[in-house]
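S.K.: Sharing query-v1.txt, compact mmCIF, C-alpha atoms:
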# COMPACT_ATOMS: atom_id res chain seq x y z
CA MET A 1 41.53 106.37 104.60
CA LEU A 2 42.15 102.64 104.99
CA GLY A 3 39.77 101.20 107.55
CA GLU A 4 36.98 103.57 106.60
CA THR A 5 34.01 101.64 105.31
CA ILE A 6 33.25 102.46 101.70
CA ALA A 7 30.17 101.64 99.64
CA ALA A 8 29.11 101.85 96.01
CA ILE A 9 26.78 100.29 93.46
CA GLY A 10 28.78 97.53 91.81
CA THR A 11 26.54 96.91 88.80
CA ALA A 12 25.57 99.10 85.88
CA LEU A 13 22.57 101.29 86.55
CA GLY A 14 19.47 100.41 84.57
CA GLU A 15 16.79 97.77 84.44
CA ALA A 16 18.19 94.33 85.27
CA GLY A 17 17.35 91.21 87.17
CA ILE A 18 19.99 91.80 89.87
CA GLY A 19 21.83 94.80 91.25
CA ILE A 20 24.68 94.77 93.77
CA VAL A 21 25.56 97.31 96.43
CA ARG A 22 29.00 96.61 97.85
CA LEU A 23 30.60 97.62 101.18
CA SER A 24 34.17 97.16 102.36
CA GLY A 25 35.90 98.17 105.58
CA ASP A 26 36.12 97.70 109.31
CA ASN A 27 32.47 98.56 109.97
CA ALA A 28 30.89 96.79 106.98
CA LEU A 29 29.26 94.13 109.18
CA GLU A 30 27.96 96.64 111.71
CA ILE A 31 26.45 98.81 108.98
CA ILE A 32 24.63 95.94 107.27
CA LYS A 33 23.11 94.95 110.62
CA ARG A 34 21.54 98.41 110.87
CA VAL A 35 19.63 98.11 107.58
CA PHE A 36 19.15 94.37 106.99
CA VAL A 37 16.63 92.09 108.69
CA PRO A 38 17.51 88.44 107.95
CA LEU A 39 15.02 85.61 107.98
CA ASP A 40 17.38 83.57 110.20
CA ARG A 41 18.59 86.13 112.73
CA ALA A 42 20.58 83.67 114.85
CA ARG A 43 22.57 82.36 111.91
CA PHE A 44 23.22 85.87 110.59
CA GLU A 45 24.50 87.10 113.97
CA HIS A 46 27.42 84.70 113.69
CA GLY A 47 28.32 86.40 110.40
CA ILE A 48 29.86 83.30 108.84
CA GLY A 49 31.76 84.22 105.70
CA TYR A 50 30.93 82.95 102.22
CA HIS A 51 27.26 82.47 103.04
CA LEU A 52 24.14 84.04 101.56
CA TYR A 53 21.54 85.41 103.95
CA TYR A 54 17.97 85.99 102.80
CA GLY A 55 15.96 88.89 104.19
CA HIS A 56 14.82 92.47 103.68
CA ILE A 57 16.41 95.90 103.62
CA LEU A 58 14.48 98.25 105.92
CA GLU A 59 14.57 101.99 106.38
CA PRO A 60 15.65 102.08 110.05
CA ASP A 61 13.57 105.11 111.07
CA VAL A 62 10.21 103.95 109.73
CA GLN A 63 10.83 100.19 109.39
CA THR A 64 9.56 100.24 105.81
CA ILE A 65 10.66 97.40 103.55
CA VAL A 66 12.82 98.72 100.70
CA ASP A 67 13.62 95.44 98.92
CA GLU A 68 13.88 91.69 99.26
CA VAL A 69 17.57 90.80 99.10
CA LEU A 70 20.33 88.27 99.53
CA VAL A 71 23.32 89.46 101.55
CA SER A 72 26.74 87.85 101.19
CA ILE A 73 29.56 88.26 103.70
CA MET A 74 33.27 87.81 102.96
CA ARG A 75 35.47 88.24 105.99
CA SER A 76 38.97 89.71 106.11
CA PRO A 77 41.49 88.74 104.86
CA HIS A 78 39.74 86.31 102.50
CA SER A 79 37.90 88.84 100.38
CA TYR A 80 38.49 90.87 97.23
CA THR A 81 39.80 93.88 99.15
CA GLY A 82 41.37 91.97 102.04
CA GLU A 83 38.87 93.70 104.37
CA ASP A 84 35.42 92.68 105.58
CA VAL A 85 33.21 92.87 102.48
CA VAL A 86 29.42 92.79 102.29
CA GLU A 87 27.46 92.60 99.06
CA ILE A 88 23.73 93.28 98.94
CA ASN A 89 22.14 91.45 96.03
CA CYS A 90 18.95 93.38 95.36
CA HIS A 91 16.58 93.72 92.42
CA GLY A 92 18.06 95.62 89.52
CA GLY A 93 16.84 99.09 88.76
CA VAL A 94 18.01 102.60 89.47
CA VAL A 95 15.62 103.38 92.33
CA ALA A 96 16.12 100.25 94.48
CA GLN A 97 19.90 100.31 94.26
CA GLN A 98 20.12 104.04 94.95
CA ILE A 99 17.84 103.85 97.99
CA ILE A 100 19.90 100.99 99.45
CA LEU A 101 23.15 102.84 98.77
CA ASN A 102 21.81 105.95 100.48
CA LEU A 103 20.79 103.86 103.49
CA VAL A 104 24.25 102.34 104.00
CA LEU A 105 25.86 105.76 103.49
CA SER A 106 23.63 107.30 106.14
CA SER A 107 24.44 104.35 108.42
CA GLY A 108 28.16 105.10 108.51
CA ALA A 109 29.76 104.26 105.17
CA ARG A 110 31.11 106.78 102.70
CA LEU A 111 30.85 106.70 98.92
CA ALA A 112 33.78 104.89 97.34
CA LEU A 113 36.10 106.71 94.96
CA PRO A 114 36.62 105.32 91.43
CA GLY A 115 38.61 102.10 91.68
CA GLU A 116 38.88 102.29 95.47
CA PHE A 117 37.86 98.67 96.06
CA THR A 118 40.63 97.47 93.75
CA LYS A 119 43.10 99.98 95.18
CA ARG A 120 42.47 98.52 98.64
CA ALA A 121 43.02 95.03 97.19
CA PHE A 122 46.41 96.26 95.95
CA ILE A 123 47.38 98.01 99.18
CA ASN A 124 46.36 94.97 101.24
CA GLY A 125 48.45 92.65 99.07
CA ARG A 126 45.59 90.79 97.41
CA LEU A 127 46.76 91.90 93.95
CA ASP A 128 49.87 93.52 92.56
CA LEU A 129 49.51 96.61 90.40
CA ALA A 130 49.75 94.76 87.07
CA GLN A 131 46.97 92.41 88.16
CA ALA A 132 44.85 95.34 89.33
CA GLU A 133 45.24 97.04 85.94
CA ALA A 134 44.25 93.77 84.24
CA ILE A 135 40.83 94.09 85.86
CA ILE A 136 40.01 97.27 83.96
CA ASP A 137 41.26 95.60 80.76
CA LEU A 138 38.94 92.66 81.44
CA ILE A 139 35.99 94.98 82.02
CA ARG A 140 36.69 96.85 78.78
CA ALA A 141 37.58 93.80 76.68
CA LYS A 142 36.00 93.92 73.22
CA THR A 143 36.50 90.26 72.26
CA SER A 144 37.10 86.84 73.77
CA LEU A 145 40.83 87.04 72.95
CA SER A 146 41.26 90.44 74.62
CA ALA A 147 39.39 89.09 77.66
CA ALA A 148 41.63 86.00 77.71
CA SER A 149 44.73 88.22 77.56
CA ALA A 150 43.45 90.26 80.51
CA VAL A 151 42.72 87.08 82.48
CA GLU A 152 46.28 85.84 81.88
CA GLN A 153 47.61 89.10 83.32
CA LEU A 154 45.14 88.92 86.20
CA ARG A 155 46.43 85.44 87.00
CA GLY A 156 49.92 86.95 87.29
CA ARG A 157 51.66 85.78 84.12
CA LEU A 158 53.20 89.19 83.39
CA SER A 159 53.95 89.80 87.07
CA THR A 160 55.80 86.47 87.32
CA ALA A 161 57.99 87.26 84.30
CA ILE A 162 58.78 90.75 85.60
CA GLN A 163 59.55 89.45 89.10
CA GLU A 164 61.94 86.88 87.68
CA CYS A 165 63.86 89.67 85.94
CA ARG A 166 63.88 91.76 89.12
CA ASN A 167 65.24 88.84 91.14
CA ILE A 168 68.12 88.36 88.69
CA LEU A 169 68.97 92.07 88.78
CA LEU A 170 68.75 92.10 92.56
CA GLY A 171 71.16 89.16 92.75
CA VAL A 172 73.69 90.95 90.54
CA LEU A 173 73.29 94.15 92.58
CA ALA A 174 73.73 92.30 95.86
CA HIS A 175 76.95 90.69 94.67
CA ILE A 176 78.40 93.96 93.39
CA GLU A 177 77.45 95.95 96.46
CA ALA A 178 78.70 93.27 98.86
CA GLY A 179 82.10 93.44 97.19
CA ILE A 180 82.13 97.23 97.50
CA ASP A 181 80.86 97.43 101.08
CA PHE A 182 82.86 94.53 102.52
CA PRO A 183 86.24 94.47 100.75
CA GLU A 184 87.78 92.58 103.70
CA ASP A 185 85.70 89.52 102.76
CA ASP A 186 87.57 89.19 99.42
CA ILE A 187 84.36 89.00 97.37
CA VAL A 188 85.46 88.72 93.74
CA LEU A 189 84.14 91.51 91.52
CA ASN A 190 85.86 90.55 88.29
CA GLU A 191 83.20 88.01 87.28
CA ASP A 192 82.23 90.09 84.25
CA THR A 193 81.21 87.07 82.20
CA VAL A 194 78.83 85.88 84.92
CA PHE A 195 77.24 89.31 85.26
CA MET A 196 77.02 89.66 81.48
CA ALA A 197 75.23 86.31 81.22
CA GLU A 198 72.72 87.32 83.92
CA LEU A 199 72.06 90.71 82.34
CA GLU A 200 71.79 89.16 78.88
CA ASN A 201 69.17 86.78 80.27
CA VAL A 202 67.14 89.74 81.54
CA ARG A 203 67.58 91.61 78.26
CA VAL A 204 66.26 88.66 76.25
CA GLN A 205 63.26 88.25 78.56
CA LEU A 206 62.35 91.93 78.41
CA GLN A 207 62.70 92.03 74.62
CA GLY A 208 60.48 88.96 74.40
CA ILE A 209 57.78 90.73 76.40
CA LEU A 210 58.12 93.93 74.36
CA SER A 211 57.83 91.94 71.13
CA THR A 212 54.21 91.20 72.08
CA ALA A 213 53.31 94.89 72.46
CA GLU A 214 51.91 95.30 68.96
CA ARG A 215 49.72 92.23 69.32
CA GLY A 216 48.70 93.41 72.77
CA LYS A 217 47.61 96.75 71.35
CA ILE A 218 45.52 94.93 68.76
CA LEU A 219 43.76 92.87 71.43
CA ARG A 220 43.23 95.86 73.69
CA ASP A 221 42.26 98.58 71.19
CA GLY A 222 41.48 96.75 67.95
CA LEU A 223 42.61 97.46 64.40
CA ASN A 224 41.44 100.49 62.45
CA THR A 225 40.54 98.74 59.20
CA ALA A 226 39.76 100.80 56.09
CA ILE A 227 37.85 99.25 53.19
CA VAL A 228 38.93 101.27 50.15
CA GLY A 229 38.74 101.11 46.39
CA GLN A 230 37.06 102.70 43.40
CA PRO A 231 33.27 103.14 43.20
CA ASN A 232 31.11 100.04 42.69
CA VAL A 233 33.82 97.47 43.40
CA GLY A 234 31.79 96.08 46.32
CA LYS A 235 33.19 97.82 49.41
CA SER A 236 29.79 98.15 51.09
CA SER A 237 28.93 94.57 50.17
CA LEU A 238 32.16 93.43 51.82
CA LEU A 239 31.31 95.43 54.95
CA ASN A 240 27.90 93.77 55.10
CA ALA A 241 29.43 90.33 54.54
CA LEU A 242 31.90 90.78 57.41
CA LEU A 243 29.19 92.19 59.69
CA ARG A 244 26.72 89.44 58.76
CA GLU A 245 24.03 92.08 58.35
CA GLU A 246 22.88 94.74 55.89
CA LYS A 247 24.39 97.89 57.38
CA ALA A 248 25.62 99.70 54.29
CA ILE A 249 23.45 100.67 51.32
CA VAL A 250 24.37 98.66 48.23
CA THR A 251 23.35 99.91 44.75
CA ASP A 252 24.70 99.92 41.20
CA ILE A 253 24.90 103.72 41.30
CA PRO A 254 28.50 104.97 41.65
CA GLY A 255 29.15 107.28 44.60
CA THR A 256 26.43 105.92 46.90
CA THR A 257 28.74 106.02 49.94
CA ARG A 258 29.45 109.69 50.69
CA ASP A 259 31.03 109.43 54.14
CA VAL A 260 33.03 107.00 56.27
CA LEU A 261 30.73 104.38 57.84
CA ALA A 262 32.34 102.78 60.91
CA GLU A 263 31.28 99.54 62.60
CA TYR A 264 32.98 97.33 65.23
CA ILE A 265 33.24 93.57 64.76
CA SER A 266 35.23 90.66 66.13
CA VAL A 267 37.04 88.43 63.65
CA ARG A 268 38.26 85.23 65.35
CA GLY A 269 38.60 87.24 68.56
CA ILE A 270 40.46 90.17 66.93
CA PRO A 271 38.54 93.46 67.34
CA LEU A 272 38.25 95.49 64.15
CA LYS A 273 36.89 98.95 63.58
CA LEU A 274 35.69 98.57 59.99
CA MET A 275 35.49 101.77 57.96
CA ASP A 276 33.55 101.65 54.68
CA THR A 277 34.75 104.60 52.64
CA ALA A 278 33.61 106.55 49.60
CA GLY A 279 34.81 105.24 46.24
CA ILE A 280 38.02 106.99 45.24
CA ARG A 281 37.71 108.61 41.82
CA ASP A 282 37.84 112.00 40.10
CA THR A 283 34.53 113.82 40.47
CA VAL A 284 33.00 117.29 40.23
CA ASP A 285 30.37 116.53 42.89
CA SER A 286 31.35 118.71 45.87
CA ILE A 287 29.74 116.39 48.46
CA GLU A 288 31.36 113.30 46.95
CA LYS A 289 34.72 115.13 46.97
CA ILE A 290 34.43 115.57 50.74
CA GLY A 291 33.68 111.85 51.11
CA ILE A 292 36.72 110.96 49.01
CA GLU A 293 38.95 113.22 51.13
CA ARG A 294 37.68 111.47 54.23
CA ALA A 295 38.30 108.10 52.57
CA LEU A 296 41.91 109.10 51.93
CA GLY A 297 42.19 110.24 55.54
CA ALA A 298 40.90 106.87 56.75
CA LEU A 299 43.40 105.17 54.44
CA ARG A 300 46.30 107.13 55.93
CA SER A 301 45.30 106.40 59.55
CA ALA A 302 44.41 102.73 59.10
CA ASP A 303 46.28 99.87 60.76
CA LEU A 304 44.92 97.52 58.10
CA VAL A 305 43.70 98.27 54.58
CA LEU A 306 41.34 95.99 52.67
CA PHE A 307 41.82 97.24 49.12
CA VAL A 308 38.89 96.04 47.02
CA ILE A 309 39.31 95.52 43.26
CA GLU A 310 36.66 94.35 40.83
CA ALA A 311 37.40 91.01 39.18
CA GLY A 312 37.67 90.87 35.40
CA ARG A 313 39.34 94.21 34.70
CA ASN A 314 42.83 95.64 34.77
CA LEU A 315 44.10 97.95 37.49
CA SER A 316 43.64 101.64 36.79
CA ALA A 317 46.56 104.03 37.17
CA ARG A 318 44.87 105.53 40.26
CA GLU A 319 44.47 102.10 41.91
CA ARG A 320 48.11 101.21 41.23
CA GLU A 321 49.22 104.56 42.65
CA LEU A 322 47.26 104.00 45.87
CA LEU A 323 48.43 100.40 46.25
CA LEU A 324 52.07 101.46 46.00
CA ALA A 325 51.54 104.17 48.63
CA ILE A 326 50.11 101.79 51.28
CA PRO A 327 52.61 100.09 53.64
CA GLN A 328 52.82 96.51 52.40
CA ASP A 329 52.70 94.97 55.87
CA SER A 330 49.25 96.52 56.50
CA LEU A 331 47.69 95.74 53.09
CA ILE A 332 45.37 92.98 51.96
CA ILE A 333 44.05 93.00 48.38
CA VAL A 334 40.51 91.72 47.95
CA ILE A 335 39.38 90.71 44.44
CA ASN A 336 35.58 90.88 44.53
CA LYS A 337 32.80 89.71 42.20
CA ILE A 338 34.46 86.42 41.25
CA ASP A 339 30.96 85.06 40.71
CA VAL A 340 30.54 87.22 37.57
CA ALA A 341 34.10 87.54 36.21
CA GLU A 342 37.40 85.69 36.15
CA PRO A 343 39.94 86.91 38.75
CA MET A 344 43.10 88.51 37.34
CA GLU A 345 46.74 88.10 38.28
CA LEU A 346 48.46 90.86 40.25
CA ASP A 347 52.15 91.65 40.64
CA PHE A 348 51.99 92.80 44.28
CA ASP A 349 53.77 90.83 47.00
CA VAL A 350 50.93 91.07 49.53
CA PRO A 351 48.11 88.71 50.57
CA VAL A 352 45.38 88.49 47.91
CA TYR A 353 41.94 86.97 48.53
CA PHE A 354 39.26 86.20 45.95
CA ILE A 355 35.68 86.66 47.11
CA SER A 356 32.09 87.22 46.13
CA ALA A 357 30.78 89.51 48.86
CA LEU A 358 27.17 89.19 47.66
CA LYS A 359 27.30 85.37 47.70
CA ASN A 360 29.51 85.17 50.81
CA GLU A 361 32.18 83.20 48.96
CA GLY A 362 35.76 83.42 50.23
CA ILE A 363 34.83 85.49 53.32
CA ALA A 364 36.05 82.85 55.78
CA GLN A 365 39.43 82.68 54.01
CA LEU A 366 39.66 86.49 54.07
CA GLU A 367 38.96 86.48 57.81
CA ASP A 368 41.78 83.96 58.30
CA GLY A 369 44.07 86.30 56.39
CA ILE A 370 43.07 89.25 58.56
CA VAL A 371 43.85 87.28 61.71
CA ASN A 372 47.21 86.09 60.31
CA LEU A 373 48.25 89.61 59.41
CA ALA A 374 47.04 91.05 62.72
CA THR A 375 48.74 88.50 64.96
CA GLY A 376 51.86 87.75 62.96
CA ARG A 377 50.80 84.07 62.88
CA SER A 378 52.22 83.40 66.34
CA TRP A 379 51.43 84.50 69.87
CA GLY A 380 54.80 83.37 71.22
CA GLU A 381 55.64 82.20 74.72
CA SER A 382 56.09 85.59 76.41
CA PRO A 383 53.19 87.15 78.32
CA ILE A 384 51.36 89.65 76.13
CA VAL A 385 51.79 93.25 77.21
CA SER A 386 49.18 95.76 76.05
CA ASN A 387 49.16 98.48 78.71
CA THR A 388 50.90 101.65 77.48
CA ARG A 389 52.36 102.33 80.93
CA HIS A 390 53.79 98.83 81.13
CA ILE A 391 55.32 99.06 77.66
CA SER A 392 56.97 102.42 78.39
CA THR A 393 58.31 101.26 81.75
CA ILE A 394 59.70 97.98 80.38
CA GLU A 395 61.37 99.90 77.54
CA LYS A 396 63.09 102.13 80.11
CA ALA A 397 64.22 99.11 82.11
CA ALA A 398 65.49 97.34 78.98
CA GLY A 399 67.41 100.50 78.02
CA ARG A 400 69.21 100.57 81.37
CA VAL A 401 70.02 96.84 81.12
CA ASN A 402 71.47 97.42 77.65
CA GLU A 403 73.54 100.28 79.02
CA ALA A 404 74.84 98.10 81.86
CA ILE A 405 75.88 95.39 79.38
CA TYR A 406 77.69 97.98 77.26
CA LEU A 407 79.50 99.46 80.27
CA ILE A 408 80.70 96.05 81.49
CA SER A 409 81.98 95.19 78.00
CA SER A 410 83.79 98.56 77.97
CA GLY A 411 85.59 97.84 81.23
CA VAL A 412 83.76 100.41 83.34
CA PRO A 413 84.03 99.72 87.10
CA LEU A 414 81.12 97.67 88.40
CA ASP A 415 80.18 100.19 91.07
CA LEU A 416 79.26 102.59 88.25
CA VAL A 417 77.48 99.86 86.31
CA SER A 418 75.32 99.19 89.36
CA ILE A 419 73.63 102.57 88.86
CA ASP A 420 72.00 101.34 85.66
CA ILE A 421 71.18 97.94 87.14
CA ARG A 422 69.49 99.57 90.13
CA ALA A 423 67.51 101.88 87.82
CA ALA A 424 66.31 98.88 85.76
CA HIS A 425 65.27 97.12 88.98
CA GLN A 426 63.40 100.25 90.05
CA PHE A 427 61.56 100.60 86.73
CA LEU A 428 60.41 96.99 86.78
CA GLY A 429 59.13 97.52 90.31
CA GLU A 430 56.75 100.12 88.89
CA ILE A 431 54.98 97.34 86.95
CA SER A 432 54.11 95.37 90.07
CA GLY A 433 53.67 98.51 92.17
CA GLU A 434 56.55 97.84 94.56
CA THR A 435 58.27 101.13 93.69
CA VAL A 436 55.34 103.20 92.44
CA SER A 437 54.43 106.69 93.70
CA GLU A 438 51.14 107.56 95.40
CA ASP A 439 50.34 110.07 92.64
CA LEU A 440 50.68 107.37 89.98
CA LEU A 441 48.48 105.02 92.00
CA ASP A 442 45.79 107.70 92.23
CA GLU A 443 46.00 108.32 88.49
CA ILE A 444 45.76 104.60 87.63
CA PHE A 445 42.80 103.83 89.87
CA SER A 446 40.93 106.98 88.83
CA ARG A 447 40.35 105.26 85.48
CA PHE A 448 38.24 102.58 87.15
CA CYS A 449 34.50 102.86 87.56
CA ILE A 450 33.01 103.52 90.98
CA GLY A 451 32.17 100.19 92.58
CA LYS A 452 35.22 98.31 91.28
Rewrite the structure from the file as structure tokens, please.
M.R.:
Amino acid sequence: MLGETIAAIGTALGEAGIGIVRLSGDNALEIIKRVFVPLDRARFEHGIGYHLYYGHILEPDVQTIVDEVLVSIMRSPHSYTGEDVVEINCHGGVVAQQIILNLVLSSGARLALPGEFTKRAFINGRLDLAQAEAIIDLIRAKTSLSAASAVEQLRGRLSTAIQECRNILLGVLAHIEAGIDFPEDDIVLNEDTVFMAELENVRVQLQGILSTAERGKILRDGLNTAIVGQPNVGKSSLLNALLREEKAIVTDIPGTTRDVLAEYISVRGIPLKLMDTAGIRDTVDSIEKIGIERALGALRSADLVLFVIEAGRNLSARERELLLAIPQDSLIIVINKIDVAEPMELDFDVPVYFISALKNEGIAQLEDGIVNLATGRSWGESPIVSNTRHISTIEKAAGRVNEAIYLISSGVPLDLVSIDIRAAHQFLGEISGETVSEDLLDEIFSRFCIGK
């Protein structure tokens, strides 16, 4: 399939100022010449790369103008895919883009599969697999921090760290296998301390990467954040204050919120799915009971709980019971309404923030607390890993490195230890794509949109 010229719309369908139809493959330049009439024909015939050519797309059979466009040419191997690439910059809109796509398809291209442009970039050595997967993370990024994390991976930070570990393992393997295969050369195989030091270096590096997985998940997927508490403590007011808009209904009537209201926000670059829940109390109202059950469900599934308490009164037995049931490392207590009552002291060893949601007092400090809890106060030096496949594969590699260290310390012959070292090397190769199967490649790139 490589060499076939593929085409797809590279921008989201809908009304927009610009739309892009993209081609890549051996015949990309020939196909564009069949449908594009440039203003400067002589200059266009040379097909100089990294230039824009102004002109019109014509229907070849009837010579009818379809659109006024700019065509860009990027020649192999200096293009996104490593092949000849042509991009037609047309007016945005469903009809214009679709007509142009149909024209290039009827002129010899075929419709690209999901992610096929990026897959070709990987196959042609323009990107490794980790960098290719970073592209989909960048496209789907919810906040500036998650986008920055994806860009770091796209620039090769994770790939560099993984390759360093692979090189160390390969060096150990080469030494062991040389001693086994060429005993006449008197290669010393009793350098256990040297091998242990090399493997320990890899183990520390892999554990450092894995230690970022939780923070990576937060940046990639966000935190499910439940706002809970008794009725009328100001949960909906807090939601509105964090959203900077009046989304939730706020009244003095207890039980106003009957269901879980979910909204997405970014707090200092951390994506949060905020869930405003029904006030938790004993009630005979059947509809309110359902809302309370859903509130308890949101509480159980939350990554972060903002437990709202009204200033100026003591904790109820029900509040204390709930607070004790919530994991302390995912709990923030919010004392609300400090503008009308004095805040009280609490005997819980968790972060406590004093706010007035209605007057927007203390909200900035609460946001700082959310970020501190979410990120563990430090991003560390290791590249952040957020991809579930990467995490699982690195865990497998780290497990085999740990096993190799144990076997060496137990006096097991090094030729047997090399089995685990080779397996770790193989697993890490799956991150960069050097040892990945075709089926896995197809599954990974199928998650991409058509045109990328």
S.K.: From the list A:Leu29, A:Ala161, A:Ala325, A:Leu238, which residue is nearest A:Asn360 when using all atoms listed in the file?
M.R.: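 Closest to A:Asn360 of all the choices is A:Leu238.
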S.K.: Between A:Leu366, A:Leu206, A:Ile270, A:Leu322, which one has atoms that come closest to A:Ala398, using all atoms listed in the file?
M.R.: A:Leu206
S.K.: Would you please work out which residue, of A:Asp67, A:Asp303, A:Glu443, A:Glu200, is nearest to A:Asn402 when using only C-alpha atoms?
M.R.: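 Closest to A:Asn402, using only C-alpha atoms: A:Glu200.
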S.K.: Find the spatial neighbours of A:Phe448, counting all atoms listed in the file, within a cut-off of 8 Å - ignore same-chain residues fewer than 3 positions away - and output them as a list in words.
M.R.: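 Near neighbours after the sequence-gap exclusion: Pro114, Gly115, Ile136, Ile444, Phe445 and Lys452 of chain A.
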S.K.: Just want the 10 Å neighbourhood of A:Tyr80, counted on all atoms listed in the file, with same-chain residues fewer than 2 positions away dropped. Output as an MDAnalysis selection string.
M.R.: chainID A and resid 24 74:78 82:85 117:118 120:122 124 126:127
S.K.: Grab the residues selected above and save them as a PDB file, in the coordinates of the input with C-alpha atoms.
M.R.:
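Contents of selection.pdb, as written:
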ATOM      1  CA  SER A  24      34.170  97.160 102.360  1.00  0.00           C
ATOM      2  CA  MET A  74      33.270  87.810 102.960  1.00  0.00           C
ATOM      3  CA  ARG A  75      35.470  88.240 105.990  1.00  0.00           C
ATOM      4  CA  SER A  76      38.970  89.710 106.110  1.00  0.00           C
ATOM      5  CA  PRO A  77      41.490  88.740 104.860  1.00  0.00           C
ATOM      6  CA  HIS A  78      39.740  86.310 102.500  1.00  0.00           C
ATOM      7  CA  GLY A  82      41.370  91.970 102.040  1.00  0.00           C
ATOM      8  CA  GLU A  83      38.870  93.700 104.370  1.00  0.00           C
ATOM      9  CA  ASP A  84      35.420  92.680 105.580  1.00  0.00           C
ATOM     10  CA  VAL A  85      33.210  92.870 102.480  1.00  0.00           C
ATOM     11  CA  PHE A 117      37.860  98.670  96.060  1.00  0.00           C
ATOM     12  CA  THR A 118      40.630  97.470  93.750  1.00  0.00           C
ATOM     13  CA  ARG A 120      42.470  98.520  98.640  1.00  0.00           C
ATOM     14  CA  ALA A 121      43.020  95.030  97.190  1.00  0.00           C
ATOM     15  CA  PHE A 122      46.410  96.260  95.950  1.00  0.00           C
ATOM     16  CA  ASN A 124      46.360  94.970 101.240  1.00  0.00           C
ATOM     17  CA  ARG A 126      45.590  90.790  97.410  1.00  0.00           C
ATOM     18  CA  LEU A 127      46.760  91.900  93.950  1.00  0.00           C
TER      19      LEU A 127
END
S.K.: If we count all atoms listed in the file, what is near stretch 104-108 of chain A at a cut-off of 9 Å, once residues fewer than 5 positions away on the same chain are taken out, given as a PyMOL selection string?
M.R.: chain A and resi 5-7+23+27-28+31-32+34-35+99
S.K.: Which distance in Å separates atom CA of A:Asn336 and atom CA of A:Ile355, to one decimal?
M.R.: 4.9 Å
S.K.: When you count only C-alpha atoms, which of these residues is closest to A:Phe307: A:Val436, A:Ala357, A:Ile227, A:Ile363?
M.R.: A:Ile227
S.K.: Residues of stretch 119-188 of chain A that have any atom at most 12 Å from an atom of stretch 209-214 of chain A: could you tabulate them with the shortest-distance atom pair and the distance in Å to one decimal, using only C-alpha atoms, ordered by chain and increasing number, as a Markdown table?
M.R.:
| residue | atom | partner | partner_atom | distance |
| --- | --- | --- | --- | --- |
| A:Ser149 | CA | A:Thr212 | CA | 11.3 |
| A:Arg157 | CA | A:Ile209 | CA | 11.0 |
| A:Leu158 | CA | A:Ile209 | CA | 8.5 |
| A:Ser159 | CA | A:Ile209 | CA | 11.4 |
| A:Thr160 | CA | A:Ile209 | CA | 11.9 |
| A:Ala161 | CA | A:Ile209 | CA | 8.6 |
| A:Ile162 | CA | A:Ile209 | CA | 9.3 |
| A:Cys165 | CA | A:Ile209 | CA | 11.4 |
S.K.: Please compute the atom CA of A:Ile265-atom CA of A:Leu243 distance, one decimal, in Å.
M.R.: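 Computing it gives 6.6 Å between the two atoms.
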S.K.: Can you measure atom CA of A:Gly47 to atom CA of A:Ile100 for me? One decimal in Å is fine.
M.R.: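 Result for atom CA of A:Gly47 versus atom CA of A:Ile100: 20.1 Å, one decimal.
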S.K.: Measuring between only C-alpha atoms, which one of A:Gln97, A:Tyr50, A:Ala132, A:Phe36 shows the shortest distance to A:Arg447?
M.R.: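 Nearest to A:Arg447: A:Ala132.
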S.K.: Find the residues around A:Phe44 up to 12 Å (only C-alpha atoms counted), leave out those fewer than 2 positions away in its own chain, and share them as a compact mmCIF listing (two decimals) with C-alpha atoms, in the coordinates of the input.
M.R.:
# COMPACT_ATOMS: atom_id res chain seq x y z
CA LEU A 29 29.26 94.13 109.18
CA GLU A 30 27.96 96.64 111.71
CA ILE A 32 24.63 95.94 107.27
CA LYS A 33 23.11 94.95 110.62
CA PHE A 36 19.15 94.37 106.99
CA VAL A 37 16.63 92.09 108.69
CA PRO A 38 17.51 88.44 107.95
CA LEU A 39 15.02 85.61 107.98
CA ASP A 40 17.38 83.57 110.20
CA ARG A 41 18.59 86.13 112.73
CA ALA A 42 20.58 83.67 114.85
CA HIS A 46 27.42 84.70 113.69
CA GLY A 47 28.32 86.40 110.40
CA ILE A 48 29.86 83.30 108.84
CA GLY A 49 31.76 84.22 105.70
CA TYR A 50 30.93 82.95 102.22
CA HIS A 51 27.26 82.47 103.04
CA LEU A 52 24.14 84.04 101.56
CA TYR A 53 21.54 85.41 103.95
CA TYR A 54 17.97 85.99 102.80
CA GLY A 55 15.96 88.89 104.19
CA LEU A 70 20.33 88.27 99.53
CA VAL A 71 23.32 89.46 101.55
CA SER A 72 26.74 87.85 101.19
CA ILE A 73 29.56 88.26 103.70
S.K.: Name all residues at most 12 Å from A:Val66 (count all atoms listed in the file; drop same-chain ones fewer than 2 positions away) and give them as number ranges by chain.
M.R.: A: 35-37, 55-60, 62-64, 68-69, 90-91, 95-103
S.K.: Distance cut-off 10 Å, centre (39.2, 82.0, 46.2) in file coordinates, counting only C-alpha atoms: which residues qualify? Return them as a short mmCIF file (atom, residue, chain, number, x, y, z; two decimals) with C-alpha atoms, in the frame of the given file.
M.R.:
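Below is the file that was written, point-v2.cif:
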data_model
loop_
_atom_site.label_atom_id
_atom_site.label_comp_id
_atom_site.auth_asym_id
_atom_site.auth_seq_id
_atom_site.Cartn_x
_atom_site.Cartn_y
_atom_site.Cartn_z
CA VAL A 334 40.51 91.72 47.95
CA ILE A 335 39.38 90.71 44.44
CA ASN A 336 35.58 90.88 44.53
CA ILE A 338 34.46 86.42 41.25
CA PRO A 343 39.94 86.91 38.75
CA VAL A 352 45.38 88.49 47.91
CA TYR A 353 41.94 86.97 48.53
CA PHE A 354 39.26 86.20 45.95
CA ILE A 355 35.68 86.66 47.11
CA SER A 356 32.09 87.22 46.13
CA GLU A 361 32.18 83.20 48.96
CA GLY A 362 35.76 83.42 50.23
CA ILE A 363 34.83 85.49 53.32
CA GLN A 365 39.43 82.68 54.01
CA LEU A 366 39.66 86.49 54.07
#
